[in-house]
file data-v4.txt (compact mmCIF, C-alpha atoms and all ligand atoms)
# COMPACT_ATOMS: atom_id res chain seq x y z
CA MET A 1 98.80 127.11 67.84
CA HIS A 2 101.39 124.75 69.04
CA TYR A 3 100.54 125.06 72.66
CA LEU A 4 102.50 123.68 75.52
CA GLN A 5 100.50 125.89 77.76
CA ASP A 6 102.07 124.71 80.97
CA ARG A 7 105.36 126.07 79.66
CA GLY A 8 103.99 129.18 78.01
CA PHE A 9 105.22 127.81 74.72
CA VAL A 10 103.95 128.99 71.37
CA HIS A 11 105.17 127.52 68.11
CA PRO A 12 102.69 128.50 65.40
CA VAL A 13 101.40 126.03 62.88
CA ALA A 14 102.20 126.81 59.26
CA SER A 15 98.76 128.27 58.51
CA GLU A 16 99.05 130.75 61.35
CA ILE A 17 102.43 132.17 60.50
CA THR A 18 102.39 135.85 59.59
CA PRO A 19 102.23 136.03 55.79
CA GLN A 20 104.96 138.67 55.61
CA PRO A 21 108.24 138.79 57.48
CA VAL A 22 108.04 141.23 60.34
CA TYR A 23 110.54 143.84 59.33
CA LEU A 24 110.29 147.35 58.02
CA SER A 25 110.29 147.49 54.24
CA ARG A 26 112.34 150.01 52.32
CA ARG A 27 109.08 151.82 51.59
CA GLN A 28 108.20 152.03 55.27
CA LEU A 29 111.66 153.35 56.03
CA MET A 30 111.27 155.96 53.27
CA GLN A 31 107.88 156.95 54.61
CA ALA A 32 109.32 157.28 58.09
CA ALA A 33 112.10 159.47 56.70
CA LEU A 34 109.66 161.61 54.71
CA ALA A 35 107.48 162.02 57.76
CA GLY A 36 110.48 163.62 59.37
CA ALA A 37 111.18 160.80 61.76
CA ALA A 38 114.92 160.54 62.29
CA ALA A 39 116.29 157.22 61.10
CA THR A 40 118.03 156.94 64.45
CA ALA A 41 114.63 156.69 66.13
CA LEU A 42 114.28 153.25 64.57
CA PRO A 43 115.70 150.25 66.39
CA ALA A 44 119.19 149.36 65.18
CA TRP A 45 117.96 146.16 63.52
CA ALA A 46 115.46 148.08 61.36
CA GLN A 47 118.11 150.30 59.82
CA GLY A 48 119.04 147.84 57.11
CA PRO A 49 122.00 145.47 57.07
CA GLN A 50 124.09 146.01 60.17
CA ALA A 51 127.70 147.06 60.08
CA LEU A 52 129.23 143.67 60.69
CA ALA A 53 132.84 142.67 60.24
CA PRO A 54 133.58 141.18 56.83
CA LEU A 55 134.15 137.43 56.75
CA PRO A 56 134.66 136.24 53.21
CA GLY A 57 134.84 132.62 52.15
CA ALA A 58 136.07 130.97 48.94
CA LYS A 59 133.31 129.35 46.86
CA SER A 60 132.94 125.81 48.13
CA SER A 61 133.72 122.85 45.93
CA VAL A 62 131.77 120.41 48.12
CA ALA A 63 129.08 118.66 46.04
CA GLY A 64 125.73 120.39 46.50
CA ALA A 65 127.18 123.29 48.48
CA LEU A 66 126.14 126.03 46.05
CA VAL A 67 122.43 125.83 45.21
CA MET A 68 121.32 127.91 42.24
CA ASP A 69 118.21 129.37 43.94
CA LYS A 70 118.16 133.13 44.36
CA PRO A 71 119.45 133.97 47.84
CA THR A 72 117.02 135.47 50.32
CA SER A 73 117.75 139.12 51.05
CA GLN A 74 120.10 139.73 53.93
CA ALA A 75 117.44 141.92 55.53
CA ASP A 76 114.91 139.06 55.54
CA ALA A 77 117.42 136.44 56.69
CA SER A 78 118.41 138.58 59.67
CA SER A 79 114.99 139.80 60.75
CA TYR A 80 112.74 136.72 60.53
CA ASN A 81 114.32 134.26 62.93
CA ASN A 82 113.77 131.44 65.34
CA PHE A 83 116.02 131.80 68.35
CA TYR A 84 113.85 131.07 71.35
CA GLU A 85 116.49 132.22 73.81
CA PHE A 86 115.46 135.71 72.70
CA GLY A 87 111.72 135.11 72.49
CA THR A 88 109.30 133.09 70.40
CA ASP A 89 108.23 135.84 68.00
CA LYS A 90 109.97 135.92 64.61
CA ALA A 91 111.00 139.56 65.20
CA ASP A 92 112.27 139.01 68.77
CA PRO A 93 115.80 137.79 67.99
CA ALA A 94 116.62 140.77 65.74
CA ALA A 95 115.19 143.18 68.28
CA ARG A 96 116.80 141.63 71.34
CA ALA A 97 119.94 139.68 70.47
CA HIS A 98 122.17 142.75 70.77
CA THR A 99 122.59 141.67 74.40
CA LEU A 100 124.47 138.55 73.29
CA LYS A 101 128.21 138.94 73.92
CA THR A 102 130.12 136.99 71.28
CA ARG A 103 133.66 137.78 72.55
CA PRO A 104 135.29 136.30 74.52
CA TRP A 105 133.72 132.97 73.51
CA THR A 106 134.91 129.42 73.85
CA VAL A 107 133.72 126.09 72.53
CA ALA A 108 134.44 123.06 74.71
CA ILE A 109 135.13 119.71 73.06
CA GLU A 110 134.19 116.89 75.42
CA GLY A 111 133.54 113.20 75.73
CA GLU A 112 134.77 110.41 73.51
CA VAL A 113 137.73 112.14 71.84
CA LYS A 114 141.48 111.78 72.16
CA LYS A 115 141.93 115.55 72.11
CA PRO A 116 139.32 117.17 74.35
CA GLY A 117 139.79 120.82 75.24
CA THR A 118 138.51 124.33 75.03
CA TRP A 119 138.87 126.31 71.83
CA ASP A 120 138.86 130.05 71.73
CA ILE A 121 136.42 131.14 69.02
CA ASP A 122 139.12 132.96 67.05
CA ALA A 123 141.33 129.86 67.02
CA LEU A 124 138.35 127.72 66.00
CA LEU A 125 137.64 130.15 63.16
CA LYS A 126 141.13 129.49 61.78
CA LEU A 127 141.03 125.71 62.05
CA ALA A 128 140.19 125.31 58.34
CA PRO A 129 139.83 127.58 55.29
CA LEU A 130 136.50 129.41 55.24
CA GLU A 131 134.14 128.58 52.41
CA GLU A 132 131.00 130.20 51.10
CA ARG A 133 128.08 127.77 50.82
CA ILE A 134 124.66 128.65 49.50
CA TYR A 135 122.19 126.41 51.30
CA ARG A 136 118.46 126.14 51.51
CA LEU A 137 117.18 126.24 55.09
CA ARG A 138 113.66 124.93 55.64
CA CYS A 139 111.90 125.38 58.94
CA VAL A 140 109.50 122.71 60.17
CA GLU A 141 106.90 125.50 60.29
CA GLY A 142 106.77 125.54 56.48
CA TRP A 143 108.93 128.49 55.38
CA SER A 144 112.31 128.44 53.73
CA MET A 145 115.23 130.70 52.89
CA VAL A 146 118.39 130.48 50.79
CA ILE A 147 121.40 131.79 52.65
CA PRO A 148 125.06 132.20 51.67
CA TRP A 149 126.84 130.90 54.77
CA VAL A 150 130.53 131.18 55.61
CA GLY A 151 132.26 128.37 57.45
CA TYR A 152 133.82 124.97 57.01
CA SER A 153 132.74 121.34 57.29
CA LEU A 154 132.24 120.21 60.88
CA ALA A 155 134.25 117.16 59.77
CA GLU A 156 137.40 119.32 59.86
CA LEU A 157 136.99 119.87 63.58
CA ILE A 158 135.94 116.26 64.21
CA LYS A 159 139.07 114.93 62.53
CA ARG A 160 141.23 117.31 64.53
CA VAL A 161 139.89 116.15 67.93
CA GLU A 162 140.15 112.43 67.04
CA PRO A 163 136.96 110.70 68.19
CA THR A 164 137.42 107.35 69.93
CA GLY A 165 135.68 104.18 68.77
CA ASN A 166 132.93 104.88 71.30
CA ALA A 167 131.91 108.15 69.68
CA LYS A 168 128.67 107.26 67.91
CA TYR A 169 126.85 110.61 68.18
CA VAL A 170 127.66 114.28 68.47
CA GLN A 171 125.73 116.57 70.78
CA PHE A 172 125.65 120.36 70.45
CA VAL A 173 125.03 122.44 73.53
CA THR A 174 124.24 126.11 72.99
CA LEU A 175 124.57 129.09 75.31
CA ALA A 176 122.02 129.47 78.11
CA ASP A 177 122.67 132.68 80.01
CA LYS A 178 119.75 134.48 81.62
CA ALA A 179 121.75 137.70 81.79
CA GLN A 180 122.09 137.82 77.99
CA MET A 181 119.02 135.92 76.85
CA PRO A 182 115.61 137.24 77.91
CA GLY A 183 113.78 134.26 76.41
CA LEU A 184 115.19 131.87 79.00
CA ARG A 185 112.83 133.34 81.57
CA GLY A 186 109.86 132.38 79.40
CA GLY A 187 110.55 128.70 79.91
CA SER A 188 109.45 127.76 76.38
CA LEU A 189 112.01 124.94 76.19
CA ASP A 190 114.37 123.25 78.62
CA TRP A 191 117.64 125.17 78.45
CA PRO A 192 120.26 124.91 77.22
CA TYR A 193 119.02 124.23 73.70
CA VAL A 194 120.60 120.93 72.69
CA GLU A 195 120.78 119.12 69.38
CA GLY A 196 122.39 115.94 68.17
CA LEU A 197 123.60 114.09 65.10
CA ARG A 198 124.68 110.58 64.30
CA MET A 199 128.43 110.47 63.63
CA ASP A 200 128.04 109.85 59.88
CA GLU A 201 125.71 112.86 59.62
CA ALA A 202 128.15 115.00 61.59
CA LEU A 203 130.99 113.91 59.28
CA HIS A 204 129.06 114.58 56.07
CA PRO A 205 130.86 117.34 54.11
CA LEU A 206 127.64 119.37 53.82
CA THR A 207 127.37 119.65 57.62
CA LEU A 208 128.63 123.16 58.17
CA LEU A 209 130.09 124.92 61.15
CA ALA A 210 129.11 128.48 60.25
CA PHE A 211 130.73 131.66 61.49
CA GLY A 212 129.26 134.05 58.96
CA MET A 213 126.70 134.77 56.27
CA TYR A 214 126.54 137.16 53.32
CA GLY A 215 130.31 137.63 53.57
CA GLN A 216 130.13 138.99 57.11
CA VAL A 217 130.28 137.54 60.61
CA LEU A 218 126.94 136.10 61.76
CA PRO A 219 124.48 138.61 63.13
CA ASN A 220 123.71 137.69 66.75
CA GLN A 221 120.15 136.71 65.84
CA ASN A 222 121.46 134.11 63.38
CA GLY A 223 123.53 132.32 65.99
CA ALA A 224 126.79 134.23 66.43
CA PRO A 225 129.57 133.51 66.88
CA VAL A 226 129.23 129.90 65.68
CA ARG A 227 126.37 127.60 64.74
CA ALA A 228 125.68 124.41 62.87
CA VAL A 229 123.88 124.36 59.51
CA LEU A 230 122.47 121.11 58.09
CA PRO A 231 120.60 121.95 54.92
CA TRP A 232 118.75 118.62 54.55
CA LYS A 233 117.21 118.74 58.02
CA TYR A 234 114.54 120.98 59.47
CA GLY A 235 115.93 124.29 60.70
CA PHE A 236 115.81 123.40 64.36
CA LYS A 237 118.65 120.89 63.95
CA SER A 238 120.93 123.83 63.10
CA GLY A 239 121.79 124.93 66.65
CA LYS A 240 122.88 128.51 67.22
CA SER A 241 125.54 130.01 69.48
CA ILE A 242 127.27 126.72 70.31
CA VAL A 243 129.39 126.51 73.47
CA ARG A 244 129.97 122.76 73.78
CA ILE A 245 130.34 119.83 71.39
CA ARG A 246 130.14 116.43 73.05
CA PHE A 247 131.03 113.09 71.53
CA VAL A 248 128.87 110.38 73.05
CA GLU A 249 128.05 106.72 72.70
CA LYS A 250 124.28 106.88 73.14
CA GLN A 251 121.84 108.85 71.04
CA PRO A 252 121.51 112.15 72.88
CA LYS A 253 118.19 113.80 73.64
CA THR A 254 117.42 116.97 71.74
CA SER A 255 115.45 119.95 73.03
CA TRP A 256 112.55 119.53 70.61
CA GLU A 257 112.30 115.80 71.23
CA SER A 258 112.20 116.40 74.97
CA ALA A 259 109.59 119.15 74.64
CA ILE A 260 107.18 117.30 72.30
CA PRO A 261 108.30 113.73 71.60
CA SER A 262 105.17 112.92 69.60
CA GLU A 263 105.99 115.64 67.07
CA TYR A 264 109.76 115.88 66.84
CA GLY A 265 112.18 113.03 66.37
CA PHE A 266 115.94 112.77 66.48
CA PHE A 267 116.51 112.80 62.71
CA SER A 268 114.09 115.48 61.51
CA ASN A 269 115.06 115.17 57.88
CA VAL A 270 113.08 117.39 55.53
CA ASN A 271 110.54 114.98 54.07
CA PRO A 272 107.45 116.07 52.11
CA LYS A 273 105.96 112.58 52.52
CA VAL A 274 105.97 112.55 56.31
CA ASP A 275 103.66 115.19 57.70
CA HIS A 276 104.04 116.86 61.03
CA PRO A 277 101.18 115.46 63.17
CA ARG A 278 99.36 118.78 62.93
CA TRP A 279 100.22 120.06 59.46
CA SER A 280 101.44 118.99 56.03
CA GLN A 281 105.11 119.18 55.10
CA ALA A 282 104.41 118.90 51.35
CA THR A 283 104.91 122.58 50.49
CA GLU A 284 106.73 125.63 51.75
CA ARG A 285 106.69 129.41 51.51
CA ARG A 286 109.98 130.92 50.34
CA ILE A 287 110.59 134.02 52.42
CA GLY A 288 110.77 137.09 50.20
CA GLU A 289 108.60 135.75 47.38
CA ASP A 290 105.41 135.58 49.36
CA THR A 291 103.04 138.04 47.78
CA LEU A 292 99.37 137.38 48.33
CA PHE A 293 99.08 135.38 45.11
CA SER A 294 102.43 133.64 44.89
CA LYS A 295 102.33 129.87 45.01
CA ARG A 296 103.90 127.80 47.74
CA ARG A 297 106.81 125.71 46.55
CA ALA A 298 106.83 121.93 46.63
CA THR A 299 109.11 120.74 49.44
CA LEU A 300 111.82 118.43 48.15
CA MET A 301 112.97 115.17 49.71
CA PHE A 302 115.88 115.95 52.04
CA ASN A 303 115.27 119.60 51.04
CA GLY A 304 116.74 118.82 47.60
CA TYR A 305 119.95 117.27 48.96
CA GLU A 306 118.92 113.66 48.34
CA PRO A 307 121.77 112.97 45.86
CA GLN A 308 124.28 113.95 48.54
CA VAL A 309 122.71 112.59 51.73
CA GLY A 310 120.12 109.97 50.76
CA GLN A 311 122.65 107.19 51.24
CA LEU A 312 122.97 108.02 54.96
CA TYR A 313 119.43 106.79 55.47
CA ALA A 314 119.33 103.80 53.12
CA GLY A 315 117.14 101.08 54.57
CA MET A 316 115.71 103.26 57.34
CA ASP A 317 111.96 103.63 57.77
CA LEU A 318 111.70 107.42 57.65
CA LYS A 319 108.08 107.36 58.88
CA ARG A 320 109.32 105.79 62.08
CA HIS A 321 112.59 107.69 62.28
CA TYR A 322 111.15 111.15 61.69
N1 LIG B 1 120.06 127.90 70.11
C1 LIG B 1 119.04 127.85 69.21
N2 LIG B 1 119.29 127.43 67.97
C2 LIG B 1 118.29 127.38 67.07
C3 LIG B 1 116.96 127.74 67.42
C4 LIG B 1 116.73 128.20 68.75
O1 LIG B 1 115.61 128.54 69.15
N3 LIG B 1 117.81 128.24 69.62
N4 LIG B 1 115.95 127.66 66.48
C5 LIG B 1 116.16 126.74 65.34
C6 LIG B 1 115.15 126.87 64.30
S1 LIG B 1 113.60 126.27 64.67
C7 LIG B 1 115.44 127.35 63.06
S2 LIG B 1 114.28 127.32 61.80
C8 LIG B 1 116.76 127.95 62.75
C9 LIG B 1 116.59 129.35 62.19
O2 LIG B 1 117.81 129.90 61.78
P1 LIG B 1 117.86 131.39 61.19
O3 LIG B 1 117.10 132.28 62.14
O4 LIG B 1 119.30 131.75 61.09
O5 LIG B 1 117.19 131.34 59.85
O6 LIG B 1 117.60 128.02 63.89
C10 LIG B 1 117.56 126.87 64.74
N5 LIG B 1 118.58 126.97 65.79
MO MO B 2 112.44 126.04 62.65
call {"tool": "encode", "arguments": {"input": "data-v4.txt", "output": "structure tokens"}}
result
Amino acid sequence: MHYLQDRGFVHPVASEITPQPVYLSRRQLMQAALAGAAATALPAWAQGPQALAPLPGAKSSVAGALVMDKPTSQADASSYNNFYEFGTDKADPAARAHTLKTRPWTVAIEGEVKKPGTWDIDALLKLAPLEERIYRLRCVEGWSMVIPWVGYSLAELIKRVEPTGNAKYVQFVTLADKAQMPGLRGGSLDWPYVEGLRMDEALHPLTLLAFGMYGQVLPNQNGAPVRAVLPWKYGFKSGKSIVRIRFVEKQPKTSWESAIPSEYGFFSNVNPKVDHPRWSQATERRIGEDTLFSKRRATLMFNGYEPQVGQLYAGMDLKRHY
């Protein structure tokens, strides 16, 4: 286990991750129904895809934005989650994130920009046309999913707020509210959860500001009402439930770097050749295809997005800048 015992922190190593997503299968639901158990006795999140508002997006024309891999089922993508504000167990966010209030919601734009200010989420949603993007998402723990996201390039927002010449990095600050987020009491990380990108990474067209998935608004457990998604970086760079975007001159600290600097760096690009200090990053388990005998997949450099993003890191020693 990935113990930071003083903080009660548990981040399992790849070999210790439950082999099956923790959700009720269709068969289990059928059995429950046959046994006479009312479907309503099940928690809301176990009753199949939730009734979420539709949020369609036009197929993206950004290079690399529509991978051909078979998308993960919506049930898997919304029931096997990392969202430590709701607990460290994969099933915790789906079971608990109903307490997250996603309206009213604002996102503050701060720091080195000519147009700072506070955006209401519904105005932010309309800043640019919504696109559907089918991205791989690979967690540092060694599992991956393929999710059809709905959103637009973060670059659209960045251009609108006009960064100054001093804006070298972008920091994301996510919600930290004890009243809505039971995991904050656990003290597994320093809250709020913060992440950061270099300006060229933030401006890359594949860097998505996501408001939805599977043609609907984001389920709370996936980071409603707005999150980042960077498909070539480990999942933890894709901060959920963003409330603040800061433009800064110095490389900002990120939550994972602060928690365990020897294991997590600022860049955290998916890289099969640079192992995590305690486990290999060479292969991954695709959620939904993991039967007892199915093979792990080879992890691809930059999660398969090397043609699009490799140039951002030309000349960098990726063993040092992990
Ligand atoms: N605010 C916040 N964002 C977060 C996390 C978190 O704990 N808190 N976990 C990260 C990790 S480790 C991963 S793998 C992805 C998971 O996204 P998903 O649950 O939508 O698949 O969210 C990332 N964003
Ligand atoms: Mo992750």
call {"tool": "residues_around", "arguments": {"input": "data-v4.txt", "residues": "region 245-255 of chain A", "least_positions_apart": "4", "cutoff": "9 Å", "atoms": "only C-alpha atoms", "output": "PyMOL selection string"}}
result
chain A and resi 107-113+163-174+189-199+237+259-260+265-266
call {"tool": "write_last_selection", "arguments": {"input": "data-v4.txt", "atoms": "C-alpha atoms", "output": "mmCIF file, keeping the file's coordinate frame"}}
result
data_model
loop_
_atom_site.group_PDB
_atom_site.id
_atom_site.type_symbol
_atom_site.label_atom_id
_atom_site.label_comp_id
_atom_site.auth_asym_id
_atom_site.auth_seq_id
_atom_site.Cartn_x
_atom_site.Cartn_y
_atom_site.Cartn_z
ATOM 1 C CA VAL A 107 133.720 126.090 72.530
ATOM 2 C CA ALA A 108 134.440 123.060 74.710
ATOM 3 C CA ILE A 109 135.130 119.710 73.060
ATOM 4 C CA GLU A 110 134.190 116.890 75.420
ATOM 5 C CA GLY A 111 133.540 113.200 75.730
ATOM 6 C CA GLU A 112 134.770 110.410 73.510
ATOM 7 C CA VAL A 113 137.730 112.140 71.840
ATOM 8 C CA PRO A 163 136.960 110.700 68.190
ATOM 9 C CA THR A 164 137.420 107.350 69.930
ATOM 10 C CA GLY A 165 135.680 104.180 68.770
ATOM 11 C CA ASN A 166 132.930 104.880 71.300
ATOM 12 C CA ALA A 167 131.910 108.150 69.680
ATOM 13 C CA LYS A 168 128.670 107.260 67.910
ATOM 14 C CA TYR A 169 126.850 110.610 68.180
ATOM 15 C CA VAL A 170 127.660 114.280 68.470
ATOM 16 C CA GLN A 171 125.730 116.570 70.780
ATOM 17 C CA PHE A 172 125.650 120.360 70.450
ATOM 18 C CA VAL A 173 125.030 122.440 73.530
ATOM 19 C CA THR A 174 124.240 126.110 72.990
ATOM 20 C CA LEU A 189 112.010 124.940 76.190
ATOM 21 C CA ASP A 190 114.370 123.250 78.620
ATOM 22 C CA TRP A 191 117.640 125.170 78.450
ATOM 23 C CA PRO A 192 120.260 124.910 77.220
ATOM 24 C CA TYR A 193 119.020 124.230 73.700
ATOM 25 C CA VAL A 194 120.600 120.930 72.690
ATOM 26 C CA GLU A 195 120.780 119.120 69.380
ATOM 27 C CA GLY A 196 122.390 115.940 68.170
ATOM 28 C CA LEU A 197 123.600 114.090 65.100
ATOM 29 C CA ARG A 198 124.680 110.580 64.300
ATOM 30 C CA MET A 199 128.430 110.470 63.630
ATOM 31 C CA LYS A 237 118.650 120.890 63.950
ATOM 32 C CA ALA A 259 109.590 119.150 74.640
ATOM 33 C CA ILE A 260 107.180 117.300 72.300
ATOM 34 C CA GLY A 265 112.180 113.030 66.370
ATOM 35 C CA PHE A 266 115.940 112.770 66.480
#
call {"tool": "residues_around", "arguments": {"input": "data-v4.txt", "residues": "Leu52 (chain A)", "least_positions_apart": "2", "cutoff": "10 Å", "atoms": "only C-alpha atoms", "output": "CSV table (one decimal) with C-alpha atoms, in the coordinates of the input"}}
result
chain,number,residue,atom,x,y,z
A,49,PRO,CA,122.0,145.5,57.1
A,50,GLN,CA,124.1,146.0,60.2
A,54,PRO,CA,133.6,141.2,56.8
A,55,LEU,CA,134.2,137.4,56.8
A,212,GLY,CA,129.3,134.0,59.0
A,215,GLY,CA,130.3,137.6,53.6
A,216,GLN,CA,130.1,139.0,57.1
A,217,VAL,CA,130.3,137.5,60.6
A,218,LEU,CA,126.9,136.1,61.8
A,219,PRO,CA,124.5,138.6,63.1
call {"tool": "closest_residue", "arguments": {"input": "data-v4.txt", "among": "A:Tyr214, A:Tyr80, A:Trp105, A:Trp279", "to": "Arg133 (chain A)", "atoms": "only C-alpha atoms"}}
result
A:Tyr214
call {"tool": "atom_distance", "arguments": {"input": "data-v4.txt", "atom1": "CA of Leu292 (chain A)", "atom2": "atom O1 of ligand LIG 1 (chain B)"}}
result
27.8 Å
call {"tool": "residues_near_ligand", "arguments": {"input": "data-v4.txt", "ligand": "ligand MO 2 (chain B)", "cutoff": "8 Å", "atoms": "all atoms listed in the file", "output": "list in words"}}
result
Asn82, Arg138, Cys139, Val140, Glu141, Tyr234, Gly235 and Phe236 of chain A
call {"tool": "residues_near_point", "arguments": {"input": "data-v4.txt", "point": "(118.1, 144.5, 74.3)", "cutoff": "12 Å", "atoms": "only C-alpha atoms", "output": "list in words"}}
result
Pro43, Ala44, Trp45, Phe86, Gly87, Asp92, Pro93, Ala94, Ala95, Arg96, Ala97, His98, Thr99, Leu100, Lys101, Ala179, Gln180, Met181, Pro182, Gly183, Asn220 and Gln221 of chain A
call {"tool": "closest_residue", "arguments": {"input": "data-v4.txt", "among": "A:Gln311, A:Ser61, A:Thr88, A:Thr106", "to": "ligand LIG 1 (chain B)", "atoms": "all atoms listed in the file"}}
result
A:Thr88
call {"tool": "residues_near_point", "arguments": {"input": "data-v4.txt", "point": "(111.6, 131.2, 54.4)", "cutoff": "10 Å", "atoms": "only C-alpha atoms", "output": "PyMOL selection string"}}
result
chain A and resi 21+72+76-77+80-81+136-139+141-147+284-290
call {"tool": "atom_distance", "arguments": {"input": "data-v4.txt", "atom1": "CA of Met301 (chain A)", "atom2": "atom C7 of ligand LIG 1 (chain B)"}}
result
18.2 Å
call {"tool": "closest_residue", "arguments": {"input": "data-v4.txt", "among": "A:Pro104, A:Pro129, A:Pro261, A:Pro272", "to": "Pro225 (chain A)", "atoms": "all atoms listed in the file"}}
result
A:Pro104
call {"tool": "atom_distance", "arguments": {"input": "data-v4.txt", "atom1": "CA of Ala224 (chain A)", "atom2": "CA of Lys240 (chain A)"}}
result
7.0 Å
call {"tool": "build_atoms", "arguments": {"input": "data-v4.txt", "residues": "region 116-123 of chain A", "atoms": "all heavy atoms", "output": "PDB file, keeping the file's coordinate frame"}}
result
ATOM      1  N   PRO A 116     140.330 116.257  73.817  1.00  0.00           N
ATOM      2  CA  PRO A 116     139.320 117.170  74.350  1.00  0.00           C
ATOM      3  C   PRO A 116     139.987 118.514  74.645  1.00  0.00           C
ATOM      4  O   PRO A 116     141.222 118.605  74.618  1.00  0.00           O
ATOM      5  CB  PRO A 116     138.871 116.495  75.656  1.00  0.00           C
ATOM      6  CG  PRO A 116     140.044 115.680  76.084  1.00  0.00           C
ATOM      7  CD  PRO A 116     140.764 115.273  74.824  1.00  0.00           C
ATOM      8  N   GLY A 117     139.196 119.525  74.910  1.00  0.00           N
ATOM      9  CA  GLY A 117     139.790 120.820  75.240  1.00  0.00           C
ATOM     10  C   GLY A 117     138.838 121.951  74.940  1.00  0.00           C
ATOM     11  O   GLY A 117     137.715 121.732  74.480  1.00  0.00           O
ATOM     12  N   THR A 118     139.330 123.147  75.231  1.00  0.00           N
ATOM     13  CA  THR A 118     138.510 124.330  75.030  1.00  0.00           C
ATOM     14  C   THR A 118     139.137 125.199  73.962  1.00  0.00           C
ATOM     15  O   THR A 118     140.306 125.565  74.064  1.00  0.00           O
ATOM     16  CB  THR A 118     138.385 125.100  76.359  1.00  0.00           C
ATOM     17  OG1 THR A 118     137.769 124.214  77.311  1.00  0.00           O
ATOM     18  CG2 THR A 118     137.514 126.326  76.215  1.00  0.00           C
ATOM     19  N   TRP A 119     138.382 125.493  72.941  1.00  0.00           N
ATOM     20  CA  TRP A 119     138.870 126.310  71.830  1.00  0.00           C
ATOM     21  C   TRP A 119     138.379 127.739  71.981  1.00  0.00           C
ATOM     22  O   TRP A 119     137.187 127.970  72.169  1.00  0.00           O
ATOM     23  CB  TRP A 119     138.328 125.769  70.495  1.00  0.00           C
ATOM     24  CG  TRP A 119     138.961 124.500  70.034  1.00  0.00           C
ATOM     25  CD1 TRP A 119     138.785 123.246  70.554  1.00  0.00           C
ATOM     26  CD2 TRP A 119     139.871 124.355  68.950  1.00  0.00           C
ATOM     27  NE1 TRP A 119     139.524 122.330  69.867  1.00  0.00           N
ATOM     28  CE2 TRP A 119     140.197 122.986  68.861  1.00  0.00           C
ATOM     29  CE3 TRP A 119     140.435 125.240  68.021  1.00  0.00           C
ATOM     30  CZ2 TRP A 119     141.073 122.483  67.900  1.00  0.00           C
ATOM     31  CZ3 TRP A 119     141.298 124.737  67.057  1.00  0.00           C
ATOM     32  CH2 TRP A 119     141.614 123.372  67.003  1.00  0.00           C
ATOM     33  N   ASP A 120     139.291 128.673  71.837  1.00  0.00           N
ATOM     34  CA  ASP A 120     138.860 130.050  71.730  1.00  0.00           C
ATOM     35  C   ASP A 120     138.209 130.223  70.357  1.00  0.00           C
ATOM     36  O   ASP A 120     138.684 129.653  69.372  1.00  0.00           O
ATOM     37  CB  ASP A 120     140.052 131.005  71.886  1.00  0.00           C
ATOM     38  CG  ASP A 120     139.592 132.445  71.789  1.00  0.00           C
ATOM     39  OD1 ASP A 120     139.050 132.949  72.793  1.00  0.00           O
ATOM     40  OD2 ASP A 120     139.731 133.052  70.706  1.00  0.00           O
ATOM     41  N   ILE A 121     137.161 131.008  70.296  1.00  0.00           N
ATOM     42  CA  ILE A 121     136.420 131.140  69.020  1.00  0.00           C
ATOM     43  C   ILE A 121     137.324 131.590  67.874  1.00  0.00           C
ATOM     44  O   ILE A 121     137.165 131.137  66.741  1.00  0.00           O
ATOM     45  CB  ILE A 121     135.192 132.073  69.189  1.00  0.00           C
ATOM     46  CG1 ILE A 121     134.324 132.083  67.933  1.00  0.00           C
ATOM     47  CG2 ILE A 121     135.590 133.484  69.586  1.00  0.00           C
ATOM     48  CD1 ILE A 121     133.608 130.814  67.649  1.00  0.00           C
ATOM     49  N   ASP A 122     138.283 132.457  68.145  1.00  0.00           N
ATOM     50  CA  ASP A 122     139.120 132.960  67.050  1.00  0.00           C
ATOM     51  C   ASP A 122     140.128 131.906  66.569  1.00  0.00           C
ATOM     52  O   ASP A 122     140.533 131.927  65.407  1.00  0.00           O
ATOM     53  CB  ASP A 122     139.808 134.262  67.466  1.00  0.00           C
ATOM     54  CG  ASP A 122     138.772 135.366  67.632  1.00  0.00           C
ATOM     55  OD1 ASP A 122     138.002 135.596  66.680  1.00  0.00           O
ATOM     56  OD2 ASP A 122     138.691 135.953  68.720  1.00  0.00           O
ATOM     57  N   ALA A 123     140.488 130.975  67.450  1.00  0.00           N
ATOM     58  CA  ALA A 123     141.330 129.860  67.020  1.00  0.00           C
ATOM     59  C   ALA A 123     140.475 128.862  66.229  1.00  0.00           C
ATOM     60  O   ALA A 123     140.912 128.334  65.193  1.00  0.00           O
ATOM     61  CB  ALA A 123     141.955 129.188  68.244  1.00  0.00           C
TER      62      ALA A 123
END
